[in-house]
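A.B. asks: Let me begin by handing over the structure; questions about it come next.
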Amino acid sequence: MQSKLLRGTFILTLGTILSKILGLVYVIPFFQIVGREGTVLYQFSYVPYTIFISIATAGIPLAVSKFISKYNALEEYAVGRKLFKSGLVIMLTTGAAAFLVMYFAAPTFAEMSIGGENANLKNVTTVMRAVSFALIVVPFMSLIRGYFQGHQSMGPSALSQVVEQIVRIVFMLLGAFFVLKALNGTIVTAVSVATFAAFIGAIGGLLVLFWYWYKRKPYLDQLLEQDKGTINISLKDIYKEIIMYSFPFVLVGIANPLFQAIDQFTFSRALVQIGFKEDMAESFFSILNFESHKIVIIPVSLATAFSLTLVPSITKAFVEGDRRSMIHQLNQSFQVLLFLTLPAAIGLSLLAEPVYTVFYQHDITGTEVLRSYAPVAILFSLFSVTAAILQGINEQRFTVLSLLVGLLVKLSLNIPLIEMMETRGAVLATTLGYSAAILINIFVIKKFARYPFRFVWRRSLLIVIFSGLMWAGTEAVYHLLLLFLSPESKVQSVIMIIISAAAGAAIYFYLGVKSGLIRRLFGTKFDRLLTKFKLTGRRRSVEN
């Protein structure tokens with residue numbers, strides 16, 4: 001049973017990572033097709049959509065899977081089927097309602113984003129309406145994923161995520177290219193097709209789930225025949241339990257989109273107030289909220305996914321009152337997070353110019369924004385993990401407080417800081433907002449889990465020193481490469497990134513191994529990897 005659970009978790013994690021990688025890589029060809037004018041329109045539509053979709057689906061698969069798994073363990077299979085049947089109707093209803101709200105409120109959202117006098121108002125409205133169709137399907141799909149996960153079947157969720165992303169990206173790129181190159185259509189039409197791809201992708205993911213349902217239904221019906229029938233729980237109680245469990249995930253899921261929404265509703269207007277032209281202000285908004293953000297989120301996804309695997313063991317230790325184990329798990333979570341995120345954020349900031357060129361084009365403004373924005377990745381990761389830990393110690397109510405405080409700080413400071421520092425002001429406001437939220441989370445962890453942070457502070461200092469040495473070595477290699485290569489060329493930028501990143505990784509890995517830090521953090525996983533490398537090395541020496 002344990003091996004099946006671990007295998008399922010691995011499959012789901014792999015599917016999520018693949019989906020995120022695909023969701024990042026597409027921006028390279030997409031930018032080449034639609035240019036900055038297209039990414040501006042795309043981003044204006046996607047922030048409201050992300051908020052809607054996060055509220056509708058964040059936490060639903062997890063909440064449903066936990067609920068069904070709980071009652072399946074009691075052999076009360078009919079309870080899970082009852083939730084599934086009524087849930088499908090509710091998800092379809094809420095999805096349709098969310099679609100109608102976003103579709104008809106699109107002019108209002110567009111006006112809030114760029115102002116009523118802007119010539120782009122109609123275009124932004126059109127693109128927002130195109131993406132809103134996906135809201136009909138995605139909530140419905142999330143419930144089916146949760147149902148399969150509750151039966152310890154992670155394959156359907158993983159494969160549907162990957163298929164959804166592939167179908168969306170293929171339709172987006174081919175559709176935008178066809179509109180612009182074959183039909184000589186407008187950029188607004190091309191971006192509308194690109195955002196409508198979210199609906200097409202969702203249909204693709206849904207078809208995968210329907211296929212799995214067709215294949216698995218005989219087995220699921222067989223389970224239903226073995227139902228004990230001793231528990232009769234009302235739909236009201238079922239949904240109360242689902243909402244209580246999913247609510248913290250909703251908050252964590254919409255945190256980043258809400259911070260982006262504040263920029264969407266204030267950024268361009270603040271720049272216009274200090275003398276920027278509207279089209280220039282909107283271009284800077286795209287650089288910040290779409291182009292740079294897509295890159296910055298890379299280290300966040302991987303580090304957070306790795307750290308969150310430790311949260312279930314934190315929950316178990318807290319519930320059982322095993323304080324020693326809980327402190328050990330908390331230590332591991334924070335250290336793994338910093339060990340992975342800190343060097344990645346520093347490296348991204350250092351190599352901002354060639355990285356931005358590879359993804360988009362050579363752009364001094366884009367480079368400067370990415371360089372200042374990259375370190376914020378550490379805060380994104382810390383907020384996600386500390387919020388998850390709060391749930392692990394059953395203090396998730398404070399996530400509401402910390403998020404509201406963070407948003408209030410961002411909202412209060414965003415316009416004044418943008419007027420003082422332009423785009424960097426928005427980055428600083430995000431930094432201060434997330435910092436405030438994280439400090440509250442850390443205070444709650446310290447108070448309610450009675451967690452001593454002294455050890456983590458000391459170990460964090462060591463990680464900072466190693467990251468600093470890595471930065472010095474990487475910068476030396478990078479400046480040496482600048483003598484022969486130019487970051488204005490995509491091909492030469494790729495070479496610079498590979499060589500510089502390899503040098504930095506080698507320095508960081510060497511310091512981690514020599515100090516014993518990697519072994520302390522990753523334990524047997526690292527030992528197995530090291531043994532594999534040694535065996536491979538011995539085989540090669542024998543062959544030679």
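Chain lettering (A, B, ...) mirrors the order of the structure tokens, residue numbering begins at 1 for each chain separately, and ligand numbering begins at 1 in order of display.
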Determine, counting only C-alpha atoms, which protein, DNA and RNA residues have an atom within 8 Å of an atom of Ile243 (chain A); residues of the same chain fewer than 4 positions away are not included. Present the result as a PyMOL selection string.
C.D. replies: chain A and resi 63+239+247
A.B. asks: Residues at most 12 Å from Val456 (chain A), counting only C-alpha atoms, excluding those fewer than 3 positions away in the same chain, as a PDB file with C-alpha atoms, in the first residue's frame?
C.D. replies:
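Result file out30.pdb:
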```pdb
ATOM      1  CA  ILE A 327      11.282  20.006  14.458  1.00  0.00           C
ATOM      2  CA  HIS A 328      13.512  17.791  12.312  1.00  0.00           C
ATOM      3  CA  GLN A 329      10.992  17.893   9.446  1.00  0.00           C
ATOM      4  CA  LEU A 330      10.614  21.687   9.724  1.00  0.00           C
ATOM      5  CA  ASN A 331      14.396  22.053   9.674  1.00  0.00           C
ATOM      6  CA  GLN A 332      14.553  19.919   6.533  1.00  0.00           C
ATOM      7  CA  SER A 333      11.748  21.861   4.795  1.00  0.00           C
ATOM      8  CA  PHE A 334      13.358  25.275   5.311  1.00  0.00           C
ATOM      9  CA  GLN A 335      16.870  24.096   4.487  1.00  0.00           C
ATOM     10  CA  VAL A 336      15.901  22.233   1.306  1.00  0.00           C
ATOM     11  CA  LEU A 337      13.911  25.267   0.165  1.00  0.00           C
ATOM     12  CA  LEU A 338      16.792  27.700   0.701  1.00  0.00           C
ATOM     13  CA  PHE A 339      19.414  25.263  -0.626  1.00  0.00           C
ATOM     14  CA  TYR A 451       9.709  25.839  16.794  1.00  0.00           C
ATOM     15  CA  PRO A 452      13.215  27.229  17.536  1.00  0.00           C
ATOM     16  CA  PHE A 453      14.594  28.915  14.404  1.00  0.00           C
ATOM     17  CA  ARG A 459      22.403  26.701   8.509  1.00  0.00           C
ATOM     18  CA  SER A 460      20.929  29.457   6.322  1.00  0.00           C
ATOM     19  CA  LEU A 461      24.073  31.528   6.923  1.00  0.00           C
ATOM     20  CA  LEU A 462      26.139  28.605   5.595  1.00  0.00           C
ATOM     21  CA  ILE A 463      23.911  28.352   2.509  1.00  0.00           C
ATOM     22  CA  VAL A 464      24.256  32.130   1.966  1.00  0.00           C
TER      23      VAL A 464
END
```
A.B. asks: What lies within 8 Å of Gly87 (chain A) using only C-alpha atoms, ignoring chain neighbours under 4 positions off, as a list of chain:residue names?
C.D. replies: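 Contacts, with the query itself left out: A:Leu83, A:Met91, A:Leu143.
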A.B. asks: Go ahead and save the residues from that selection, with C-alpha atoms, as a CSV table (one decimal), in the first residue's frame.
C.D. replies:
```csv
chain,number,residue,atom,x,y,z
A,83,LEU,CA,-20.1,13.5,-3.5
A,91,MET,CA,-18.9,22.3,-10.6
A,143,LEU,CA,-13.5,17.3,-9.5
```
A.B. asks: Restricting the calculation to only C-alpha atoms: of A:Leu407, A:Ala106, A:Val124, A:Ile393, which residue gets closest to Leu251 (chain A)?
C.D. replies: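 Closest candidate: A:Leu407.
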A.B. asks: When distances are computed from only C-alpha atoms, which of A:Gly38, A:Pro218, A:Gly366, A:Pro107 shows the smallest separation from Arg129 (chain A)?
C.D. replies: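 Answer, going by the shortest atom-to-atom distance: A:Pro107.
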A.B. asks: Distance CA of Glu320 (chain A)-CA of Glu395 (chain A), one decimal place?
C.D. replies: 15.9 Å
A.B. asks: For Lys277 (chain A), work out the shell of residues within 10 Å, counting only C-alpha atoms and skipping chain neighbours fewer than 6 positions away, then give it as a count of residues only.
C.D. replies: 3
A.B. asks: Given only C-alpha atoms as the basis, pick out the residue of A:Phe109, A:Tyr42, A:Phe359, A:Phe171 nearest to Gly201 (chain A).
C.D. replies: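 Closest to Gly201 (chain A), using only C-alpha atoms: A:Phe171.
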A.B. asks: Hey, what's within 10 Å of Val405 (chain A) if we count only C-alpha atoms and toss same-chain stuff fewer than 4 positions away? As number ranges by chain, please?
C.D. replies: A: 399-401, 409-411, 433-434, 436-437, 440
A.B. asks: Extract, using only C-alpha atoms, all DNA, RNA and protein residues at most 10 Å from Pro416 (chain A), discarding same-chain residues fewer than 6 positions from it, and format them as a PDB file with N, CA and C atoms, in the first residue's frame.
C.D. replies:
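Written out: around18.pdb:
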```pdb
ATOM      1  N   ALA A 270       0.118  54.450 -12.926  1.00  0.00           N
ATOM      2  CA  ALA A 270       1.154  55.151 -12.162  1.00  0.00           C
ATOM      3  C   ALA A 270       2.262  55.655 -13.083  1.00  0.00           C
ATOM      4  N   GLU A 422       9.890  53.686 -10.750  1.00  0.00           N
ATOM      5  CA  GLU A 422       9.342  53.066 -11.963  1.00  0.00           C
ATOM      6  C   GLU A 422       9.108  51.560 -11.752  1.00  0.00           C
ATOM      7  N   GLY A 425       9.985  49.850  -8.556  1.00  0.00           N
ATOM      8  CA  GLY A 425       9.110  50.174  -7.425  1.00  0.00           C
ATOM      9  C   GLY A 425       8.052  49.108  -7.217  1.00  0.00           C
ATOM     10  N   ALA A 426       7.507  48.586  -8.332  1.00  0.00           N
ATOM     11  CA  ALA A 426       6.508  47.508  -8.233  1.00  0.00           C
ATOM     12  C   ALA A 426       7.143  46.242  -7.675  1.00  0.00           C
ATOM     13  N   ALA A 429       7.600  46.764  -3.931  1.00  0.00           N
ATOM     14  CA  ALA A 429       6.314  46.657  -3.227  1.00  0.00           C
ATOM     15  C   ALA A 429       5.912  45.190  -3.057  1.00  0.00           C
TER      16      ALA A 429
END
```
A.B. asks: Could you give me, as a PyMOL selection string, the residues within 9 Å of region 27-30 of chain A, counting only C-alpha atoms and dropping anything in the same chain fewer than 4 positions from it?
C.D. replies: chain A and resi 23+34-35+38-39+172-173+176-177+291+294+358-360
A.B. asks: Considering only C-alpha atoms, state which residue in the set A:Ser192, A:Gln260, A:Gln149, A:Gln222 is at the smallest distance from Pro48 (chain A).
C.D. replies: A:Gln260
A.B. asks: Counting only C-alpha atoms, which residue out of A:Ser515, A:Ser132, A:Ser45, A:Gln165 sits closest to Glu111 (chain A)?
C.D. replies: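 With only C-alpha atoms as the atom set, the closest residue is A:Ser45.
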